[in-house]
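Novice: I am attaching a structure below and will ask some questions about it afterwards.
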Amino acid sequence: GAAIEAVDVTRSYDLGGTVVDALRGVSFTVSDGEYAAIVGPSGSGKSTLMHLLGCLDRPTSGVLRVGGRDIGDLSDTDLAALRNAEIGFVFQSFQLLPRQSAMANVMLPLVYAGTPRAERHDRAEAALRAVNLGHRLDHRPNQMSGGEQQRVAIARALVSRPRILLADEPTGNLDTRNGAEVMRILEELNAERGVAVVLVTHDDEVAGRARRQVRVRDGLVESDSAAPTPRHAA
Ligand code: ADP
Ligand code: ADP
């Protein structure tokens with residue numbers, strides 16, 4: 001089924017007089033269990049689209065449904081709860097708390113969700129083991145490599161058991177070896193746990209390994225390998 005459905009969404013930024021139309025009418029469905037790469041030039045709207053799909057932002061116009069619910073009908077509080085339950089988000093720049101342990105960083109979404117302490121602990125440890133960081137539970141981000149930090153961020157995104165993982169340039173700050181390790185983990189989560197993965201990448205090899213490629217240009221979806229092939233007369 002459709003995990004996230006965007007129908008003709010736009011997003012404009014008003015920069016005090018000048019309006020930037022970052023997305024100009026995009027329809028896009030993330031299906032359960034899929035693995036998609038979003039590519040396109042810098043400034044084409046990829047991050048804006050990811051932020052909308054991840055409910056970190058709302059469209060200027062158009063409809064966005066998550067788990068069948070129109071987010072336009074939800075208060076900010078209800079939207080945050082829906083996002084926490086359904087969607088994990090991974091940023092290029094990790095966005096970890098630098099002075100807190102890996103465990104504390106991964107437990108944080110469960111603190112917001114009101115999960116009891118013992119369960120928080122067990123689930124955070126399991127999530128860190130799932131990204132091969134069972135030996136780094138008490139390390140702080142500044143004691144870890146970039147690849148390890150991104151794996152902590154993936155564990156934090158996973159700990160709420162989302163159906164969808166959205167990753168905005170997850171390997172953008174990593175060297176080849178660390179980037180490959182992060183990609184291996186995202187592929188494994190998709191293949192073995194059925195988590196839908198949508199990622200933005202500038203790396204052709206990373207994009208080529210995805211089952212679906214979506215190309216964004218000037219605020220529009222220029223091509224989508226999952227879209228039905230147009231029929232041509234004769
Ligand atoms: P990409 O991820 O493809 O590089 P973005 O979605 O970041 O593209 O940006 C699309 C356009 O929207 C760009 O012109 C960018 O400068 C603008 N933009 C993105 N985010 C903001 C923002 N928070 N405020 C103002 N303009 C923004
Ligand atoms: P990430 O959040 O993936 O680590 P960055 O550190 O590159 O990525 O930050 C991107 C952020 O900057 C996004 O929130 C995006 O919306 C915002 N942004 C992009 N272009 C602009 C712009 N022209 N003006 C203001 N904010 C922008």
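As shown in the structure tokens, the chain order sets the letters A, B, ...; within each chain, residues go from 1, and ligands are also counted from 1 in the order they appear.
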Run DSSP on the backbone and give me the residues of stretch 128-196 of chain A it puts in strand (DSSP E), as a VMD selection string.

Specialist: chain A and resid 164 to 168 196

Novice: Report as a list of chain:residue names which protein, DNA and RNA residues come within 6 Å of ligand 2, using only C-alpha atoms and all ligand atoms.

Specialist: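 My answer, listing the contacting residues, is A:Thr48, A:Phe91, A:Gln92, A:Ser93, A:Asp168.
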
Novice: Leaving out A:Leu128 and any residue of its chain fewer than 3 positions from it, which residues lie within 8 Å of it when counting only C-alpha atoms, given as a ChimeraX atom specification?

Specialist: /A:103,106,124-125,131-134,137,151-152,155

Novice: So which residues touch stretch 148-150 of chain A within 12 Å, counting only C-alpha atoms, skipping near sequence neighbours fewer than 6 positions away, as a PyMOL selection string?

Specialist: chain A and resi 89-98+101-103+105-106+128-129+131-137+139-142+156-157+167-175+177-183+185-186

Novice: Check which residues fall inside 10 Å of ligand 1 when counting only C-alpha atoms and all ligand atoms, and print them as an mmCIF file with N, CA and C atoms, in the first residue's frame.

Specialist:
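Now in pocket_22.cif:
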```cif
data_model
loop_
_atom_site.group_PDB
_atom_site.id
_atom_site.type_symbol
_atom_site.label_atom_id
_atom_site.label_comp_id
_atom_site.auth_asym_id
_atom_site.auth_seq_id
_atom_site.Cartn_x
_atom_site.Cartn_y
_atom_site.Cartn_z
ATOM 1 N N ARG A 11 5.650 23.911 -2.682
ATOM 2 C CA ARG A 11 6.220 24.535 -1.483
ATOM 3 C C ARG A 11 6.965 25.781 -1.939
ATOM 4 N N SER A 12 6.500 26.912 -1.455
ATOM 5 C CA SER A 12 7.137 28.185 -1.777
ATOM 6 C C SER A 12 7.727 28.770 -0.507
ATOM 7 N N TYR A 13 8.876 29.410 -0.643
ATOM 8 C CA TYR A 13 9.487 30.125 0.475
ATOM 9 C C TYR A 13 9.385 31.614 0.185
ATOM 10 N N ASP A 14 8.839 32.344 1.130
ATOM 11 C CA ASP A 14 8.735 33.793 0.985
ATOM 12 C C ASP A 14 9.936 34.428 1.673
ATOM 13 N N LEU A 15 10.831 34.978 0.883
ATOM 14 C CA LEU A 15 12.047 35.571 1.438
ATOM 15 C C LEU A 15 11.886 37.088 1.515
ATOM 16 N N THR A 18 10.675 38.358 -2.203
ATOM 17 C CA THR A 18 10.969 37.390 -3.259
ATOM 18 C C THR A 18 10.402 36.029 -2.867
ATOM 19 N N VAL A 19 9.671 35.407 -3.773
ATOM 20 C CA VAL A 19 9.135 34.077 -3.494
ATOM 21 C C VAL A 19 9.918 33.044 -4.304
ATOM 22 N N VAL A 20 10.416 32.025 -3.606
ATOM 23 C CA VAL A 20 11.108 30.920 -4.271
ATOM 24 C C VAL A 20 10.157 29.728 -4.324
ATOM 25 N N ASP A 21 9.845 29.277 -5.537
ATOM 26 C CA ASP A 21 8.974 28.105 -5.695
ATOM 27 C C ASP A 21 9.846 26.856 -5.728
ATOM 28 N N ALA A 22 10.084 26.277 -4.561
ATOM 29 C CA ALA A 22 11.010 25.140 -4.461
ATOM 30 C C ALA A 22 10.401 23.881 -5.062
ATOM 31 N N LEU A 23 9.076 23.682 -4.883
ATOM 32 C CA LEU A 23 8.364 22.568 -5.521
ATOM 33 C C LEU A 23 7.147 23.152 -6.220
ATOM 34 N N ILE A 38 16.290 9.504 -4.856
ATOM 35 C CA ILE A 38 15.925 10.777 -5.471
ATOM 36 C C ILE A 38 17.212 11.483 -5.868
ATOM 37 N N VAL A 39 17.300 11.831 -7.147
ATOM 38 C CA VAL A 39 18.497 12.497 -7.664
ATOM 39 C C VAL A 39 18.088 13.785 -8.370
ATOM 40 N N GLY A 40 19.073 14.616 -8.666
ATOM 41 C CA GLY A 40 18.802 15.867 -9.364
ATOM 42 C C GLY A 40 19.810 16.919 -8.954
ATOM 43 N N PRO A 41 19.895 18.004 -9.729
ATOM 44 C CA PRO A 41 20.884 19.032 -9.447
ATOM 45 C C PRO A 41 20.648 19.724 -8.108
ATOM 46 N N SER A 42 21.690 20.354 -7.601
ATOM 47 C CA SER A 42 21.597 21.144 -6.382
ATOM 48 C C SER A 42 20.562 22.247 -6.574
ATOM 49 N N GLY A 43 19.700 22.443 -5.570
ATOM 50 C CA GLY A 43 18.689 23.493 -5.644
ATOM 51 C C GLY A 43 17.427 23.096 -6.399
ATOM 52 N N SER A 44 17.314 21.818 -6.811
ATOM 53 C CA SER A 44 16.157 21.399 -7.612
ATOM 54 C C SER A 44 14.930 21.092 -6.759
ATOM 55 N N GLY A 45 15.098 20.984 -5.429
ATOM 56 C CA GLY A 45 13.950 20.743 -4.558
ATOM 57 C C GLY A 45 13.961 19.412 -3.829
ATOM 58 N N LYS A 46 15.056 18.681 -3.884
ATOM 59 C CA LYS A 46 15.117 17.342 -3.282
ATOM 60 C C LYS A 46 14.921 17.390 -1.764
ATOM 61 N N SER A 47 15.655 18.287 -1.100
ATOM 62 C CA SER A 47 15.522 18.367 0.367
ATOM 63 C C SER A 47 14.132 18.834 0.760
ATOM 64 N N THR A 48 13.604 19.781 0.004
ATOM 65 C CA THR A 48 12.253 20.271 0.289
ATOM 66 C C THR A 48 11.253 19.122 0.187
ATOM 67 N N LEU A 49 11.379 18.294 -0.866
ATOM 68 C CA LEU A 49 10.490 17.143 -1.029
ATOM 69 C C LEU A 49 10.654 16.164 0.134
ATOM 70 N N MET A 50 11.892 15.895 0.510
ATOM 71 C CA MET A 50 12.128 14.969 1.633
ATOM 72 C C MET A 50 11.504 15.496 2.920
ATOM 73 N N HIS A 51 11.669 16.813 3.155
ATOM 74 C CA HIS A 51 11.101 17.392 4.379
ATOM 75 C C HIS A 51 9.570 17.309 4.382
ATOM 76 N N LEU A 52 8.960 17.435 3.209
ATOM 77 C CA LEU A 52 7.499 17.272 3.132
ATOM 78 C C LEU A 52 7.116 15.816 3.369
ATOM 79 N N ASP A 57 7.721 19.474 7.508
ATOM 80 C CA ASP A 57 7.262 20.718 6.903
ATOM 81 C C ASP A 57 5.906 20.396 6.265
ATOM 82 N N ASP A 168 18.341 12.037 3.789
ATOM 83 C CA ASP A 168 18.738 13.140 2.910
ATOM 84 C C ASP A 168 20.262 13.169 2.815
ATOM 85 N N GLU A 169 20.806 12.670 1.727
ATOM 86 C CA GLU A 169 22.265 12.583 1.517
ATOM 87 C C GLU A 169 22.974 11.902 2.696
ATOM 88 N N VAL A 200 18.068 10.641 -0.776
ATOM 89 C CA VAL A 200 18.598 11.597 -1.739
ATOM 90 C C VAL A 200 20.082 11.323 -1.861
ATOM 91 N N THR A 201 20.594 11.296 -3.075
ATOM 92 C CA THR A 201 22.024 11.089 -3.239
ATOM 93 C C THR A 201 22.552 11.790 -4.479
ATOM 94 N N HIS A 202 23.827 12.195 -4.404
ATOM 95 C CA HIS A 202 24.539 12.692 -5.579
ATOM 96 C C HIS A 202 25.428 11.607 -6.169
ATOM 97 N N VAL A 216 14.528 14.798 -9.923
ATOM 98 C CA VAL A 216 13.861 16.074 -9.675
ATOM 99 C C VAL A 216 14.643 17.167 -10.384
ATOM 100 N N ARG A 217 13.913 18.108 -10.997
ATOM 101 C CA ARG A 217 14.555 19.227 -11.687
ATOM 102 C C ARG A 217 13.637 20.435 -11.615
ATOM 103 N N ASP A 218 14.183 21.582 -11.199
ATOM 104 C CA ASP A 218 13.420 22.838 -11.146
ATOM 105 C C ASP A 218 12.086 22.673 -10.425
ATOM 106 N N GLY A 219 12.055 21.937 -9.339
ATOM 107 C CA GLY A 219 10.848 21.832 -8.534
ATOM 108 C C GLY A 219 9.796 20.882 -9.058
#
```

Novice: If we count only C-alpha atoms, what is near A:Arg65 at a cut-off of 10 Å, once residues fewer than 4 positions away on the same chain are taken out, given as a tab-separated table (two decimals) with C-alpha atoms, in the first residue's frame?

Specialist:
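Writing the result to part17.tsv gives the following:
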```
chain	number	residue	atom	x	y	z
A	2	ALA	CA	0.86	3.68	-0.07
A	3	ALA	CA	2.81	4.68	3.01
A	4	ILE	CA	3.12	8.33	1.98
A	5	GLU	CA	1.20	9.96	-0.82
A	6	ALA	CA	1.88	13.48	-2.11
A	7	VAL	CA	-0.66	14.82	-4.61
A	29	THR	CA	3.94	7.90	-3.67
A	53	LEU	CA	7.48	13.46	2.85
A	55	CYS	CA	6.30	15.76	7.73
A	69	ARG	CA	-4.47	10.39	6.74
A	70	ASP	CA	-4.49	13.86	5.18
A	71	ILE	CA	-1.95	15.78	7.26
A	72	GLY	CA	-3.81	19.01	6.47
A	73	ASP	CA	-6.44	17.82	8.97
```

Novice: Please indicate the distance in Å from atom CA of A:Asn84 to atom CA of A:Ala126, rounded to one decimal place.

Specialist: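 Going from atom CA of A:Asn84 over to atom CA of A:Ala126 covers 18.1 Å.
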
Novice: Residues within 8 Å of A:Thr10, please, as a ChimeraX atom specification. Count only C-alpha atoms; anything in the same chain fewer than 3 positions from it doesn't count.

Specialist: /A:21-26,59-62

Novice: How would the residues just chosen look if you wrote them out with all heavy atoms as an mmCIF file, in the first residue's frame?

Specialist:
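File result-v2.cif, as written:
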```cif
data_model
loop_
_atom_site.group_PDB
_atom_site.id
_atom_site.type_symbol
_atom_site.label_atom_id
_atom_site.label_comp_id
_atom_site.auth_asym_id
_atom_site.auth_seq_id
_atom_site.Cartn_x
_atom_site.Cartn_y
_atom_site.Cartn_z
ATOM 1 N N ASP A 21 9.845 29.277 -5.537
ATOM 2 C CA ASP A 21 8.974 28.105 -5.695
ATOM 3 C C ASP A 21 9.846 26.856 -5.728
ATOM 4 O O ASP A 21 10.290 26.424 -6.788
ATOM 5 C CB ASP A 21 8.152 28.222 -6.982
ATOM 6 C CG ASP A 21 7.204 29.418 -6.942
ATOM 7 O OD1 ASP A 21 6.563 29.618 -5.886
ATOM 8 O OD2 ASP A 21 7.115 30.145 -7.944
ATOM 9 N N ALA A 22 10.084 26.277 -4.561
ATOM 10 C CA ALA A 22 11.010 25.140 -4.461
ATOM 11 C C ALA A 22 10.401 23.881 -5.062
ATOM 12 O O ALA A 22 11.105 23.076 -5.672
ATOM 13 C CB ALA A 22 11.397 24.911 -3.004
ATOM 14 N N LEU A 23 9.076 23.682 -4.883
ATOM 15 C CA LEU A 23 8.364 22.568 -5.521
ATOM 16 C C LEU A 23 7.147 23.152 -6.220
ATOM 17 O O LEU A 23 6.412 23.948 -5.638
ATOM 18 C CB LEU A 23 7.927 21.518 -4.496
ATOM 19 C CG LEU A 23 9.025 20.691 -3.840
ATOM 20 C CD1 LEU A 23 8.407 19.702 -2.850
ATOM 21 C CD2 LEU A 23 9.879 19.932 -4.863
ATOM 22 N N ARG A 24 6.910 22.731 -7.474
ATOM 23 C CA ARG A 24 5.906 23.409 -8.295
ATOM 24 C C ARG A 24 4.770 22.485 -8.733
ATOM 25 O O ARG A 24 4.152 22.701 -9.764
ATOM 26 C CB ARG A 24 6.594 24.021 -9.526
ATOM 27 C CG ARG A 24 7.689 25.025 -9.120
ATOM 28 C CD ARG A 24 8.238 25.797 -10.302
ATOM 29 N NE ARG A 24 9.015 24.964 -11.188
ATOM 30 C CZ ARG A 24 8.892 24.941 -12.519
ATOM 31 N NH1 ARG A 24 8.000 25.705 -13.119
ATOM 32 N NH2 ARG A 24 9.646 24.153 -13.243
ATOM 33 N N GLY A 25 4.489 21.446 -7.948
ATOM 34 C CA GLY A 25 3.399 20.534 -8.301
ATOM 35 C C GLY A 25 3.935 19.126 -8.506
ATOM 36 O O GLY A 25 4.109 18.667 -9.619
ATOM 37 N N VAL A 26 4.188 18.469 -7.381
ATOM 38 C CA VAL A 26 4.809 17.154 -7.411
ATOM 39 C C VAL A 26 3.825 16.121 -6.849
ATOM 40 O O VAL A 26 3.250 16.323 -5.788
ATOM 41 C CB VAL A 26 6.120 17.151 -6.589
ATOM 42 C CG1 VAL A 26 6.596 15.738 -6.313
ATOM 43 C CG2 VAL A 26 7.200 17.967 -7.304
ATOM 44 N N PRO A 59 3.090 21.294 3.004
ATOM 45 C CA PRO A 59 3.062 21.889 1.663
ATOM 46 C C PRO A 59 2.358 23.251 1.663
ATOM 47 O O PRO A 59 1.497 23.509 2.508
ATOM 48 C CB PRO A 59 2.285 20.875 0.820
ATOM 49 C CG PRO A 59 1.611 19.955 1.757
ATOM 50 C CD PRO A 59 2.287 20.063 3.094
ATOM 51 N N THR A 60 2.723 24.099 0.702
ATOM 52 C CA THR A 60 2.010 25.368 0.492
ATOM 53 C C THR A 60 0.636 25.076 -0.106
ATOM 54 O O THR A 60 -0.356 25.690 0.267
ATOM 55 C CB THR A 60 2.826 26.280 -0.449
ATOM 56 O OG1 THR A 60 4.123 26.482 0.130
ATOM 57 C CG2 THR A 60 2.162 27.625 -0.664
ATOM 58 N N SER A 61 0.584 24.124 -1.043
ATOM 59 C CA SER A 61 -0.704 23.648 -1.563
ATOM 60 C C SER A 61 -0.552 22.188 -1.940
ATOM 61 O O SER A 61 0.563 21.665 -2.012
ATOM 62 C CB SER A 61 -1.142 24.482 -2.772
ATOM 63 O OG SER A 61 -0.309 24.209 -3.876
ATOM 64 N N GLY A 62 -1.688 21.532 -2.197
ATOM 65 C CA GLY A 62 -1.664 20.102 -2.499
ATOM 66 C C GLY A 62 -1.949 19.285 -1.262
ATOM 67 O O GLY A 62 -2.141 19.841 -0.168
#
```

Novice: Could you tell me how far atom CA of A:Tyr112 sits from atom CA of A:Glu34, in Å to one decimal place?

Specialist: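 These atoms are spaced 27.8 Å apart.
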
Novice: Would you return as a PyMOL selection string the members of stretch 71-197 of chain A that DSSP assigns to helix (DSSP H, G or I) on this structure's backbone?

Specialist: chain A and resi 71-73+76-86+102-113+117-130+141-143+146-158+176-193

Novice: What does the file look like for those residues with C-alpha atoms, as a PDB file, in the first residue's frame?

Specialist:
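part24.pdb, written as the output of this step:
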```
ATOM      1  CA  ILE A  71      -1.948  15.781   7.264  1.00  0.00           C
ATOM      2  CA  GLY A  72      -3.815  19.014   6.474  1.00  0.00           C
ATOM      3  CA  ASP A  73      -6.440  17.821   8.974  1.00  0.00           C
ATOM      4  CA  ASP A  76       1.027  20.247  14.811  1.00  0.00           C
ATOM      5  CA  THR A  77       0.974  17.996  17.890  1.00  0.00           C
ATOM      6  CA  ASP A  78      -0.917  15.209  16.112  1.00  0.00           C
ATOM      7  CA  LEU A  79       1.351  15.561  13.075  1.00  0.00           C
ATOM      8  CA  ALA A  80       4.446  15.199  15.272  1.00  0.00           C
ATOM      9  CA  ALA A  81       2.972  12.047  16.836  1.00  0.00           C
ATOM     10  CA  LEU A  82       2.142  10.573  13.412  1.00  0.00           C
ATOM     11  CA  ARG A  83       5.636  11.382  12.159  1.00  0.00           C
ATOM     12  CA  ASN A  84       7.264   9.774  15.183  1.00  0.00           C
ATOM     13  CA  ALA A  85       5.214   6.615  14.733  1.00  0.00           C
ATOM     14  CA  GLU A  86       5.550   6.163  10.964  1.00  0.00           C
ATOM     15  CA  ALA A 102      24.886   6.747  21.678  1.00  0.00           C
ATOM     16  CA  MET A 103      22.265   5.121  23.942  1.00  0.00           C
ATOM     17  CA  ALA A 104      20.929   8.489  25.143  1.00  0.00           C
ATOM     18  CA  ASN A 105      20.719   9.789  21.566  1.00  0.00           C
ATOM     19  CA  VAL A 106      18.818   6.711  20.389  1.00  0.00           C
ATOM     20  CA  MET A 107      16.477   6.677  23.396  1.00  0.00           C
ATOM     21  CA  LEU A 108      15.434  10.304  22.854  1.00  0.00           C
ATOM     22  CA  PRO A 109      12.487   9.671  20.438  1.00  0.00           C
ATOM     23  CA  LEU A 110      11.123   7.147  22.940  1.00  0.00           C
ATOM     24  CA  VAL A 111      11.374   9.741  25.725  1.00  0.00           C
ATOM     25  CA  TYR A 112       9.146  12.027  23.628  1.00  0.00           C
ATOM     26  CA  ALA A 113       6.793   9.127  22.911  1.00  0.00           C
ATOM     27  CA  ARG A 117      12.361   3.623  30.840  1.00  0.00           C
ATOM     28  CA  ALA A 118      13.230  -0.096  30.802  1.00  0.00           C
ATOM     29  CA  GLU A 119      11.660  -0.575  27.385  1.00  0.00           C
ATOM     30  CA  ARG A 120      13.481   2.526  26.075  1.00  0.00           C
ATOM     31  CA  HIS A 121      16.758   1.032  27.157  1.00  0.00           C
ATOM     32  CA  ASP A 122      16.118  -2.390  25.613  1.00  0.00           C
ATOM     33  CA  ARG A 123      14.874  -0.987  22.311  1.00  0.00           C
ATOM     34  CA  ALA A 124      17.744   1.504  21.984  1.00  0.00           C
ATOM     35  CA  GLU A 125      20.270  -1.243  22.615  1.00  0.00           C
ATOM     36  CA  ALA A 126      18.580  -3.486  20.033  1.00  0.00           C
ATOM     37  CA  ALA A 127      18.553  -0.646  17.478  1.00  0.00           C
ATOM     38  CA  LEU A 128      22.264   0.020  18.035  1.00  0.00           C
ATOM     39  CA  ARG A 129      23.015  -3.690  17.659  1.00  0.00           C
ATOM     40  CA  ALA A 130      21.016  -3.713  14.399  1.00  0.00           C
ATOM     41  CA  PRO A 141      29.398  11.104  18.940  1.00  0.00           C
ATOM     42  CA  ASN A 142      32.684  13.024  19.251  1.00  0.00           C
ATOM     43  CA  GLN A 143      34.416   9.732  20.117  1.00  0.00           C
ATOM     44  CA  GLY A 146      31.525   9.756  10.820  1.00  0.00           C
ATOM     45  CA  GLY A 147      30.240   6.365   9.683  1.00  0.00           C
ATOM     46  CA  GLU A 148      29.580   5.310  13.260  1.00  0.00           C
ATOM     47  CA  GLN A 149      27.803   8.609  13.962  1.00  0.00           C
ATOM     48  CA  GLN A 150      25.549   8.112  10.938  1.00  0.00           C
ATOM     49  CA  ARG A 151      24.786   4.566  12.130  1.00  0.00           C
ATOM     50  CA  VAL A 152      23.766   6.024  15.531  1.00  0.00           C
ATOM     51  CA  ALA A 153      21.473   8.408  13.631  1.00  0.00           C
ATOM     52  CA  ILE A 154      19.992   5.439  11.717  1.00  0.00           C
ATOM     53  CA  ALA A 155      19.435   3.597  15.014  1.00  0.00           C
ATOM     54  CA  ARG A 156      17.668   6.689  16.381  1.00  0.00           C
ATOM     55  CA  ALA A 157      15.463   6.761  13.269  1.00  0.00           C
ATOM     56  CA  LEU A 158      14.679   3.045  13.654  1.00  0.00           C
ATOM     57  CA  THR A 176      33.909   5.865   0.548  1.00  0.00           C
ATOM     58  CA  ARG A 177      34.411   3.126   3.123  1.00  0.00           C
ATOM     59  CA  ASN A 178      32.069   4.638   5.753  1.00  0.00           C
ATOM     60  CA  GLY A 179      29.535   5.522   3.066  1.00  0.00           C
ATOM     61  CA  ALA A 180      29.509   1.935   1.831  1.00  0.00           C
ATOM     62  CA  GLU A 181      28.937   0.641   5.376  1.00  0.00           C
ATOM     63  CA  VAL A 182      25.980   3.006   5.867  1.00  0.00           C
ATOM     64  CA  MET A 183      24.497   1.954   2.504  1.00  0.00           C
ATOM     65  CA  ARG A 184      24.913  -1.725   3.381  1.00  0.00           C
ATOM     66  CA  ILE A 185      22.909  -1.141   6.580  1.00  0.00           C
ATOM     67  CA  LEU A 186      20.123   0.753   4.774  1.00  0.00           C
ATOM     68  CA  GLU A 187      19.873  -2.054   2.193  1.00  0.00           C
ATOM     69  CA  GLU A 188      19.792  -4.684   4.934  1.00  0.00           C
ATOM     70  CA  LEU A 189      17.017  -2.843   6.833  1.00  0.00           C
ATOM     71  CA  ASN A 190      14.992  -2.736   3.627  1.00  0.00           C
ATOM     72  CA  ALA A 191      15.605  -6.349   2.640  1.00  0.00           C
ATOM     73  CA  GLU A 192      15.341  -8.004   6.051  1.00  0.00           C
ATOM     74  CA  ARG A 193      12.877  -5.800   7.934  1.00  0.00           C
TER      75      ARG A 193
END
```
